[in-house]
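S.K.: Got model17.txt for you, compact mmCIF, C-alpha atoms:
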```
# COMPACT_ATOMS: atom_id res chain seq x y z
CA MET L 28 8.73 25.46 46.72
CA GLY L 29 10.07 28.22 44.46
CA SER L 30 7.92 30.15 42.05
CA ILE L 31 7.44 28.89 38.51
CA ASP L 32 8.82 31.10 35.78
CA THR L 33 6.33 31.46 32.93
CA LYS L 34 8.64 33.50 30.78
CA GLY L 35 8.67 32.22 27.20
CA LEU L 36 5.20 30.72 27.31
CA ASP L 37 4.14 32.86 24.37
CA SER L 38 1.72 30.16 23.23
CA GLU L 39 -0.90 31.69 25.55
CA LYS L 40 -1.01 34.71 23.27
CA ARG L 41 -2.16 32.45 20.45
CA HIS L 42 -4.88 31.00 22.70
CA PRO L 43 -6.65 33.95 24.35
CA GLY L 44 -9.50 31.63 25.26
CA PHE L 45 -7.56 30.43 28.26
CA SER L 46 -8.07 33.85 29.90
CA ALA L 47 -11.69 32.74 30.29
CA LEU L 48 -10.53 30.27 32.90
CA GLY L 49 -10.07 33.17 35.33
CA ASP L 50 -7.05 34.90 36.82
CA ASP L 51 -6.44 32.14 39.36
CA ALA L 52 -5.81 29.71 36.52
CA HIS L 53 -3.47 32.02 34.59
CA LEU L 54 -0.35 29.93 35.23
CA ALA L 55 -2.06 26.61 34.45
CA GLY L 56 -3.59 28.17 31.37
CA ALA L 57 -0.20 29.33 30.15
CA TYR L 58 1.27 25.86 30.43
CA LEU L 59 -1.81 24.25 28.90
CA ALA L 60 -1.70 26.67 25.98
CA SER L 61 1.93 25.72 25.37
CA ILE L 62 1.11 22.01 25.43
CA LEU L 63 -1.81 22.40 23.05
CA GLU L 64 0.32 24.42 20.66
CA HIS L 65 2.40 21.30 20.00
CA SER L 66 -0.36 18.70 20.18
CA GLY L 67 -1.07 16.38 17.26
CA ASP L 68 -4.85 16.64 17.75
CA ILE L 69 -7.52 19.15 16.73
CA ILE L 70 -8.02 21.10 19.98
CA PHE L 71 -10.20 24.17 20.40
CA MET L 72 -12.05 26.24 22.98
CA LEU L 73 -15.54 27.70 22.61
CA ASN L 74 -17.58 30.13 24.69
CA GLU L 75 -21.18 29.39 25.62
CA GLU L 76 -22.45 30.76 22.31
CA GLY L 77 -20.20 28.44 20.30
CA THR L 78 -17.71 31.11 19.22
CA ILE L 79 -14.17 29.82 18.76
CA LEU L 80 -11.82 31.33 21.34
CA SER L 81 -8.70 29.37 20.40
CA PHE L 82 -7.69 26.65 17.97
CA SER L 83 -4.63 24.39 18.03
CA LYS L 84 -1.91 24.73 15.45
CA ARG L 85 -2.41 21.13 14.32
CA GLY L 86 -6.12 21.82 13.84
CA GLU L 87 -5.27 24.75 11.59
CA GLU L 88 -2.95 22.53 9.54
CA ILE L 89 -5.54 19.78 9.11
CA LEU L 90 -8.36 22.14 8.16
CA GLN L 91 -6.03 24.42 6.13
CA TYR L 92 -7.16 27.59 7.92
CA SER L 93 -5.10 30.27 9.60
CA GLU L 94 -5.75 31.47 13.15
CA LYS L 95 -7.46 34.67 11.98
CA ASP L 96 -9.79 32.63 9.74
CA ILE L 97 -11.07 30.61 12.71
CA VAL L 98 -10.81 32.47 16.03
CA GLY L 99 -13.81 34.71 16.69
CA HIS L 100 -16.06 32.85 14.28
CA PRO L 101 -18.88 30.40 15.16
CA VAL L 102 -17.72 26.80 15.24
CA GLN L 103 -20.67 25.81 13.02
CA ALA L 104 -18.81 27.38 10.09
CA ILE L 105 -16.25 24.57 10.11
CA VAL L 106 -18.46 21.67 11.21
CA HIS L 107 -19.73 19.32 8.51
CA ASP L 108 -22.81 18.07 10.41
CA VAL L 109 -23.96 21.14 12.31
CA GLU L 110 -27.01 19.48 13.88
CA ALA L 111 -24.98 16.59 15.32
CA PHE L 112 -22.42 19.00 16.76
CA GLU L 113 -25.03 21.28 18.36
CA ASN L 114 -26.73 18.25 19.93
CA ALA L 115 -23.38 17.15 21.35
CA LEU L 116 -22.73 20.68 22.67
CA SER L 117 -26.14 20.69 24.38
CA VAL L 118 -25.51 17.32 26.03
CA CYS L 119 -22.05 18.47 27.13
CA GLY L 120 -23.57 21.59 28.70
CA LYS L 121 -25.83 19.38 30.83
CA LYS L 122 -23.55 16.44 31.63
CA GLY L 123 -20.14 18.10 31.52
CA ARG L 124 -18.59 15.69 29.02
CA VAL L 125 -19.56 13.90 25.82
CA ILE L 126 -17.78 11.79 23.20
CA VAL L 127 -18.84 12.00 19.56
CA PRO L 128 -17.41 9.25 17.32
CA GLU L 129 -16.52 10.13 13.73
CA LEU L 130 -17.66 13.73 13.72
CA ALA L 131 -16.50 15.55 10.59
CA PHE L 132 -15.10 19.05 10.33
CA ARG L 133 -15.00 20.82 6.98
CA ASN L 134 -11.64 22.03 5.67
CA ARG L 135 -11.03 25.09 3.51
CA ALA L 136 -11.66 23.05 0.33
CA GLY L 137 -15.01 21.83 1.70
CA THR L 138 -13.76 18.26 2.20
CA PRO L 139 -14.84 16.45 5.41
CA GLU L 140 -12.07 15.63 7.92
CA SER L 141 -13.37 13.01 10.36
CA CYS L 142 -12.25 12.69 13.97
CA ASP L 143 -13.35 11.18 17.25
CA LEU L 144 -14.33 14.24 19.29
CA CYS L 145 -14.42 14.69 23.06
CA LEU L 146 -16.20 17.81 24.38
CA ILE L 147 -15.63 18.96 27.97
CA ARG L 148 -17.43 21.76 29.85
CA ILE L 149 -15.01 23.80 31.96
CA PRO L 150 -16.35 26.27 34.58
CA ASN L 151 -14.32 29.47 34.68
CA GLY L 152 -15.01 30.36 38.31
CA GLN L 153 -17.22 33.32 37.49
CA LYS L 154 -20.86 32.63 38.46
CA ASP L 155 -22.34 30.01 36.14
CA ASP L 156 -20.18 30.89 33.14
CA HIS L 157 -18.25 28.14 31.42
CA VAL L 158 -16.32 27.35 28.26
CA PHE L 159 -16.12 24.20 26.15
CA LEU L 160 -12.89 22.38 25.37
CA GLY L 161 -12.91 20.12 22.30
CA ILE L 162 -10.29 17.45 21.54
CA GLY L 163 -10.50 15.70 18.17
CA ARG L 164 -8.36 12.70 17.23
CA GLU L 165 -7.89 12.61 13.46
CA LEU L 166 -9.16 9.44 11.79
CA HIS L 167 -7.48 9.83 8.38
CA CYS L 168 -4.62 7.39 9.08
CA GLU L 169 -6.89 4.88 10.82
CA LYS L 170 -9.40 4.99 7.96
CA LYS L 171 -6.66 4.57 5.35
CA LEU L 172 -5.22 1.62 7.27
CA GLN L 173 -8.66 0.01 7.49
CA ASP L 174 -9.24 0.54 3.77
CA ASP L 175 -5.82 -0.96 2.98
CA LEU L 176 -6.45 -3.99 5.19
CA THR L 177 -9.87 -4.48 3.58
CA ARG L 178 -8.24 -4.39 0.14
CA VAL L 179 -5.57 -6.88 1.23
CA ASP L 180 -8.23 -9.22 2.60
CA ARG L 181 -10.10 -8.93 -0.71
CA LEU L 182 -6.91 -9.85 -2.58
CA ALA L 183 -6.42 -12.85 -0.29
CA GLU L 184 -9.98 -13.99 -0.99
CA LEU L 185 -9.34 -13.50 -4.70
CA GLY L 186 -6.25 -15.71 -4.42
CA ARG L 187 -8.24 -18.46 -2.73
CA ALA L 188 -10.98 -18.17 -5.35
CA ALA L 189 -8.36 -18.31 -8.10
CA SER L 190 -7.10 -21.65 -6.76
CA GLY L 191 -10.60 -23.09 -7.07
CA ILE L 192 -11.03 -21.64 -10.54
CA VAL L 193 -7.73 -23.19 -11.63
CA HIS L 194 -8.92 -26.62 -10.50
CA ASP L 195 -12.17 -26.11 -12.42
CA ILE L 196 -10.23 -25.15 -15.54
CA ASN L 197 -7.92 -28.14 -15.27
CA ASN L 198 -10.78 -30.61 -15.61
CA PRO L 199 -12.03 -29.51 -19.08
CA VAL L 200 -8.42 -28.99 -20.20
CA ALA L 201 -7.69 -32.62 -19.30
CA VAL L 202 -10.73 -33.76 -21.31
CA ILE L 203 -9.60 -31.68 -24.30
CA GLY L 204 -6.16 -33.30 -24.05
CA GLU L 205 -7.65 -36.79 -24.05
CA ILE L 206 -9.92 -36.00 -27.02
CA SER L 207 -7.03 -34.55 -29.01
CA GLY L 208 -5.06 -37.77 -28.46
CA TRP L 209 -8.05 -39.81 -29.63
CA MET L 210 -8.45 -37.55 -32.69
CA GLU L 211 -4.80 -38.08 -33.58
CA VAL L 212 -5.37 -41.85 -33.69
CA LEU L 213 -8.52 -41.43 -35.81
CA ILE L 214 -6.73 -39.20 -38.32
CA SER L 215 -3.84 -41.61 -38.72
CA ASP L 216 -6.27 -44.54 -39.31
CA ALA L 217 -8.85 -42.69 -41.40
CA SER L 218 -9.21 -43.68 -45.03
CA GLY L 219 -10.14 -41.45 -47.96
CA LEU L 220 -7.99 -38.53 -46.86
CA ARG L 221 -5.47 -36.94 -49.16
CA PRO L 222 -1.95 -36.62 -47.68
CA ASP L 223 -2.24 -32.82 -47.45
CA GLU L 224 -5.61 -33.11 -45.67
CA ARG L 225 -4.24 -35.70 -43.27
CA GLU L 226 -1.24 -33.44 -42.51
CA GLU L 227 -3.44 -30.39 -42.01
CA LEU L 228 -5.70 -32.21 -39.54
CA ALA L 229 -2.70 -33.72 -37.74
CA LYS L 230 -1.15 -30.25 -37.39
CA ALA L 231 -4.41 -28.88 -35.95
CA VAL L 232 -4.46 -31.67 -33.37
CA ARG L 233 -0.80 -31.03 -32.47
CA ASP L 234 -1.65 -27.36 -31.96
CA ILE L 235 -4.50 -28.35 -29.65
CA GLU L 236 -2.18 -30.59 -27.64
CA LYS L 237 0.45 -27.84 -27.46
CA GLN L 238 -2.03 -25.26 -26.16
CA THR L 239 -3.44 -27.82 -23.72
CA ARG L 240 0.02 -28.40 -22.27
CA ARG L 241 0.48 -24.61 -22.06
CA CYS L 242 -2.80 -24.25 -20.13
CA ARG L 243 -1.69 -26.96 -17.72
CA ALA L 244 1.67 -25.26 -17.18
CA ILE L 245 0.00 -21.91 -16.48
CA THR L 246 -2.51 -23.35 -14.02
CA ARG L 247 0.27 -25.29 -12.29
CA GLN L 248 2.26 -22.05 -11.89
CA VAL L 249 -0.77 -20.26 -10.45
CA LEU L 250 -1.36 -23.06 -7.95
CA ASN L 251 2.29 -23.17 -6.93
CA PHE L 252 2.32 -19.42 -6.37
CA ALA L 253 -0.98 -19.36 -4.44
CA ARG L 254 -0.22 -22.40 -2.30
CA GLU L 255 0.60 -21.59 1.32
CA SER L 256 3.77 -23.27 2.53
CA ALA L 257 6.06 -23.01 5.51
CA SER L 258 9.39 -21.26 5.03
CA GLU L 259 12.05 -23.85 4.29
CA LYS L 260 15.66 -23.27 3.34
CA ARG L 261 17.33 -25.69 0.97
CA THR L 262 20.03 -25.70 -1.67
CA PHE L 263 18.72 -25.10 -5.19
CA ASP L 264 19.54 -23.72 -8.63
CA LEU L 265 18.88 -19.96 -8.54
CA HIS L 266 18.76 -19.73 -12.33
CA GLU L 267 15.96 -22.28 -12.50
CA VAL L 268 13.86 -20.25 -10.04
CA LEU L 269 14.48 -17.08 -12.05
CA GLN L 270 13.59 -18.81 -15.32
CA ASN L 271 10.33 -20.15 -13.84
CA THR L 272 9.47 -16.68 -12.55
CA VAL L 273 10.17 -15.04 -15.90
CA GLN L 274 8.09 -17.71 -17.66
CA PHE L 275 5.22 -16.92 -15.27
CA LEU L 276 5.17 -13.27 -16.43
CA ARG L 277 6.45 -13.60 -19.98
CA SER L 278 3.01 -13.65 -21.61
CA GLU L 279 2.07 -10.37 -19.91
CA ALA L 280 5.37 -8.82 -20.99
CA VAL L 281 4.96 -10.02 -24.59
CA SER L 282 1.43 -8.59 -24.75
CA LYS L 283 2.89 -5.18 -23.86
CA ASN L 284 5.81 -5.53 -26.30
CA ILE L 285 8.36 -5.83 -23.47
CA GLU L 286 11.43 -8.02 -23.92
CA ILE L 287 12.84 -9.86 -20.90
CA VAL L 288 16.58 -10.51 -21.33
CA LEU L 289 18.35 -13.12 -19.17
CA ASP L 290 22.03 -12.39 -18.54
CA PHE L 291 23.11 -15.26 -16.29
CA MET L 292 26.65 -15.96 -15.16
CA GLU L 293 28.09 -19.31 -16.11
CA SER L 294 27.64 -22.10 -13.51
CA PRO L 295 26.12 -20.14 -10.61
CA PRO L 296 27.22 -21.11 -7.07
CA PRO L 297 24.61 -23.05 -5.07
CA VAL L 298 22.27 -20.95 -2.96
CA GLN L 299 20.75 -22.16 0.30
CA SER L 300 17.53 -20.25 0.78
CA ASP L 301 13.75 -20.54 0.34
CA PRO L 302 12.93 -20.76 -3.40
CA GLU L 303 9.16 -20.20 -2.91
CA ARG L 304 9.73 -17.00 -0.95
CA LEU L 305 12.32 -15.80 -3.45
CA GLU L 306 9.93 -16.50 -6.31
CA GLN L 307 7.45 -14.16 -4.64
CA VAL L 308 10.13 -11.45 -4.44
CA PHE L 309 11.14 -11.86 -8.10
CA ILE L 310 7.53 -11.87 -9.31
CA ASN L 311 6.89 -8.63 -7.44
CA LEU L 312 10.00 -6.91 -8.81
CA LEU L 313 9.33 -8.09 -12.36
CA SER L 314 5.65 -7.06 -12.15
CA ASN L 315 6.70 -3.59 -10.99
CA ALA L 316 9.16 -3.40 -13.89
CA VAL L 317 6.44 -4.33 -16.40
CA TYR L 318 4.10 -1.71 -14.93
CA SER L 319 6.81 0.97 -14.97
CA ILE L 320 7.59 0.36 -18.64
CA LYS L 321 3.91 0.25 -19.58
CA GLU L 322 3.31 3.60 -17.86
CA GLY L 323 6.43 5.33 -19.15
CA ARG L 324 6.89 4.15 -22.72
CA THR L 325 4.63 4.23 -25.75
CA GLN L 326 6.54 1.51 -27.61
CA GLY L 327 7.81 -1.52 -25.76
CA GLY L 328 10.77 -1.70 -23.45
CA GLU L 329 13.30 -4.05 -21.91
CA ILE L 330 13.73 -5.81 -18.58
CA ARG L 331 17.15 -7.33 -17.87
CA VAL L 332 17.70 -10.05 -15.27
CA LYS L 333 21.39 -10.49 -14.48
CA THR L 334 23.25 -12.68 -11.99
CA SER L 335 26.79 -12.36 -10.69
CA LYS L 336 28.90 -13.21 -7.65
CA THR L 337 30.50 -10.58 -5.44
CA ASP L 338 31.97 -10.60 -1.92
CA GLY L 339 30.70 -14.10 -1.16
CA MET L 340 27.16 -13.19 -2.21
CA VAL L 341 25.10 -13.99 -5.28
CA GLU L 342 23.70 -10.77 -6.74
CA ILE L 343 20.55 -10.60 -8.86
CA LEU L 344 19.91 -7.39 -10.81
CA ILE L 345 16.45 -6.69 -12.19
CA SER L 346 16.58 -3.58 -14.41
CA ASP L 347 13.94 -1.81 -16.46
CA ASN L 348 13.89 1.24 -18.70
CA GLY L 349 10.56 2.50 -17.38
CA THR L 350 9.49 5.73 -15.69
CA GLY L 351 11.97 5.58 -12.81
CA ILE L 352 11.37 6.77 -9.25
CA PRO L 353 11.73 10.45 -8.26
CA GLU L 354 14.50 11.03 -5.72
CA GLU L 355 12.13 12.48 -3.11
CA LEU L 356 10.30 9.12 -3.01
CA HIS L 357 13.37 6.91 -2.57
CA GLU L 358 13.02 6.80 1.23
CA LYS L 359 9.32 5.92 1.06
CA ILE L 360 9.01 3.00 -1.34
CA PHE L 361 9.78 0.37 1.32
CA GLU L 362 7.21 1.87 3.72
CA LEU L 363 4.18 -0.30 4.48
CA PHE L 364 1.10 0.65 2.41
CA TYR L 365 2.98 3.32 0.45
CA THR L 366 2.46 3.04 -3.30
CA THR L 367 3.04 5.29 -6.29
CA LYS L 368 0.35 3.46 -8.24
CA PRO L 369 -3.17 4.90 -8.52
CA SER L 370 -6.00 3.61 -6.34
CA GLY L 371 -6.93 0.05 -7.22
CA LYS L 372 -3.58 -0.65 -8.92
CA GLY L 373 -1.35 -1.23 -5.91
CA THR L 374 -1.59 -2.16 -2.23
CA GLY L 375 1.70 -0.73 -0.99
CA LEU L 376 2.62 -4.15 0.38
CA GLY L 377 4.84 -5.62 -2.35
CA LEU L 378 8.19 -3.96 -1.66
CA PRO L 379 7.91 -4.00 2.17
CA ILE L 380 7.17 -7.74 1.96
CA CYS L 381 10.10 -8.23 -0.44
CA ARG L 382 12.50 -6.52 1.95
CA ASN L 383 11.16 -8.51 4.89
CA ILE L 384 11.63 -11.80 3.02
CA ILE L 385 15.15 -11.00 1.81
CA GLU L 386 16.34 -9.80 5.23
CA LYS L 387 14.93 -12.89 6.95
CA LEU L 388 16.80 -15.03 4.43
CA GLY L 389 20.04 -13.30 5.39
CA GLY L 390 20.23 -11.18 2.25
CA GLU L 391 20.03 -7.55 1.22
CA ILE L 392 17.84 -5.58 -1.18
CA SER L 393 18.51 -2.09 -2.55
CA PHE L 394 17.85 -0.07 -5.68
CA LYS L 395 18.92 2.85 -7.79
CA SER L 396 16.60 4.82 -10.02
CA GLU L 397 16.50 7.85 -12.27
CA PRO L 398 13.27 9.40 -13.59
CA GLY L 399 12.89 8.86 -17.32
CA VAL L 400 15.78 6.36 -17.40
CA GLY L 401 14.63 3.40 -15.32
CA THR L 402 15.14 1.45 -12.12
CA THR L 403 17.46 -1.35 -11.03
CA PHE L 404 16.84 -3.51 -7.97
CA PHE L 405 19.76 -5.40 -6.39
CA VAL L 406 19.05 -8.58 -4.44
CA ARG L 407 22.05 -10.18 -2.68
CA LEU L 408 21.89 -13.66 -1.20
CA PRO L 409 24.53 -15.63 0.72
CA VAL L 410 26.22 -18.48 -1.11
CA ALA L 411 25.55 -21.92 0.37
```
Represent the structure of the file as structure tokens.
M.R.:
Amino acid sequence: MGSIDTKGLDSEKRHPGFSALGDDAHLAGAYLASILEHSGDIIFMLNEEGTILSFSKRGEEILQYSEKDIVGHPVQAIVHDVEAFENALSVCGKKGRVIVPELAFRNRAGTPESCDLCLIRIPNGQKDDHVFLGIGRELHCEKKLQDDLTRVDRLAELGRAASGIVHDINNPVAVIGEISGWMEVLISDASGLRPDEREELAKAVRDIEKQTRRCRAITRQVLNFARESASEKRTFDLHEVLQNTVQFLRSEAVSKNIEIVLDFMESPPPVQSDPERLEQVFINLLSNAVYSIKEGRTQGGEIRVKTSKTDGMVEILISDNGTGIPEELHEKIFELFYTTKPSGKGTGLGLPICRNIIEKLGGEISFKSEPGVGTTFFVRLPVA
């Protein structure tokens, strides 16, 4: 076997700690140093006293330190729980290997950075001397994913609770409706009332009946939206689905002084798709539009819903004149769990779910946006 050329393995210069492995391990140390230079984990080497001999480039990035800030200093300076780390180091010295779950380092700003840490004792071939190798797997992404999933589960529980609340509301609303009908009969048959009094009472009862019907319509919409149903394609009137969706959110828009304008083409072609799934998409896009306008404008705004036919597809445009999306975020908004909304305002699930639904229905979804001008989403669906 020919000799191995180590030329170009300059990474060993950044990791002088590997010289502690002894001259016989020089070649292996050079290759190992090169591998660790490009690792995605926090990797470091300590001497017996706990002084840092080398630190991986990724570790420097995570903790926001440079090599000169770390190498040659005691590891305790960057460990959040010093006692737990020293106990782990002691156990590793005796047993040769130890795993410490969720041990936190401290970055330059003083913020804990948690990782699952594995410590390994490595003899260097010189008497009883040894060094410690630490490998830390960052937990930031895993923790964020767990937090997001917990929030999603909470939202799902809230949806189930909302269904029960809607049923509870429907019962007293039904009683109010029955009483208002009974009152209407009493007013019409009552004697001793002046015509203006009779009309005033009758109008009050009609208002009660009107608001009762409105409550029933709202609760019915909530139940329809929350109800789980299997995906089913059928031919339907796209404009009717859009109108129902707009009606679902109109009260929220009105409360924020936002006008929703419907610009429908005349006699739309029939669409064969899943109206319940599409309603979910439209509600999400319209909700985002309302939020964008609310955040970006001090006085009202406008959302336009337009339909047209192009290249054998029905196209639905949902436009707003809100804050818009910065260009550097355009490639991220369909990523799972990515959201531009502050914590507690968004889950980062809406747009990825929308795209998944539209693509499974054989359609396309895209957008254009300009900061300070607004955003337009394009949903294209095949004609039946």
S.K.: Would you pick out the contacts of segment 111-123 of chain L at 6 Å or less, using only C-alpha atoms, so that residues sharing its chain but fewer than 3 positions from it are not included, and give the list as a list in words?
M.R.: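 Surrounding residues, per the criterion: Asp108, Ile147 and Arg148 of chain L.
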S.K.: Quick one: write out the picked residues with C-alpha atoms as a compact mmCIF listing (two decimals), in the frame of the given file?
M.R.:
```txt
# COMPACT_ATOMS: atom_id res chain seq x y z
CA ASP L 108 -22.81 18.07 10.41
CA ILE L 147 -15.63 18.96 27.97
CA ARG L 148 -17.43 21.76 29.85
```
S.K.: For a test of reading the model, state the distance in Å between atom CA of Pro398 of chain L and atom CA of Met340 of chain L, rounded to one decimal.
M.R.: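 Separating atom CA of Pro398 of chain L from atom CA of Met340 of chain L is a distance of 28.9 Å.
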S.K.: Show me, as an MDAnalysis selection string, the residues that have an atom within 12 Å of segment 88-101 of chain L when counting all atoms listed in the file, minus same-chain residues fewer than 4 positions from it.
M.R.: chainID L and resid 40:44 64:84 105:107 109 113 131:142 163:167
S.K.: Suppose you want the space between atom CA of Ile392 of chain L and atom CA of Ser319 of chain L; what is it in Å?
M.R.: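 These two atoms are separated by 18.8 Å.
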S.K.: May I ask which of the residues L:Leu130, L:Ala316, L:Val200, L:Leu289 is the closest one to Ser396 of chain L, counting only C-alpha atoms?
M.R.: L:Ala316
S.K.: Counting only C-alpha atoms, figure out which residue out of L:Thr177, L:Arg240, L:Thr246, L:Ile285 gets nearest to Asn197 of chain L.
M.R.: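 Going through L:Thr177, L:Arg240, L:Thr246, L:Ile285 one by one, the smallest distance to Asn197 of chain L is for L:Thr246.
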S.K.: Excluding same-chain residues fewer than 4 positions from Val298 of chain L, what lies within 7 Å of it counting all atoms listed in the file, as a PyMOL selection string?
M.R.: chain L and resi 262-265+409-411
S.K.: Write a file of the selected residues as a tab-separated table (two decimals), keeping the file's coordinate frame, keeping C-alpha atoms.
M.R.:
```
chain	number	residue	atom	x	y	z
L	262	THR	CA	20.03	-25.70	-1.67
L	263	PHE	CA	18.72	-25.10	-5.19
L	264	ASP	CA	19.54	-23.72	-8.63
L	265	LEU	CA	18.88	-19.96	-8.54
L	409	PRO	CA	24.53	-15.63	0.72
L	410	VAL	CA	26.22	-18.48	-1.11
L	411	ALA	CA	25.55	-21.92	0.37
```
S.K.: Can you measure atom CA of Gly339 of chain L to atom CA of His266 of chain L for me? One decimal in Å is fine.
M.R.: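 That distance, rounded to one decimal, is 17.3 Å.
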S.K.: Between L:Met292, L:Cys381, L:Val158, L:Ile345, which residue has the minimum interatomic distance to Phe361 of chain L, considering only C-alpha atoms?
M.R.: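 Nearest to Phe361 of chain L: L:Cys381.
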S.K.: Mind checking which residues fall within 8 Å of Leu269 of chain L, counting all atoms listed in the file, ignoring those fewer than 4 positions away in the same chain, and posting them as a VMD selection string?
M.R.: chain L and resid 265 273 306 309
S.K.: Which residue is closest to Thr337 of chain L? Choose from L:Lys230, L:Arg407, L:Lys260, L:Lys387 and count all atoms listed in the file.
M.R.: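 With all atoms listed in the file as the atom set, the closest residue is L:Arg407.
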S.K.: Go through L:Ile126, L:Ile380, L:Cys242, L:Leu220 and flag the residue nearest Gly204 of chain L, using all atoms listed in the file for the distances.
M.R.: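 Comparing L:Ile126, L:Ile380, L:Cys242, L:Leu220 against Gly204 of chain L, the winner is L:Cys242.
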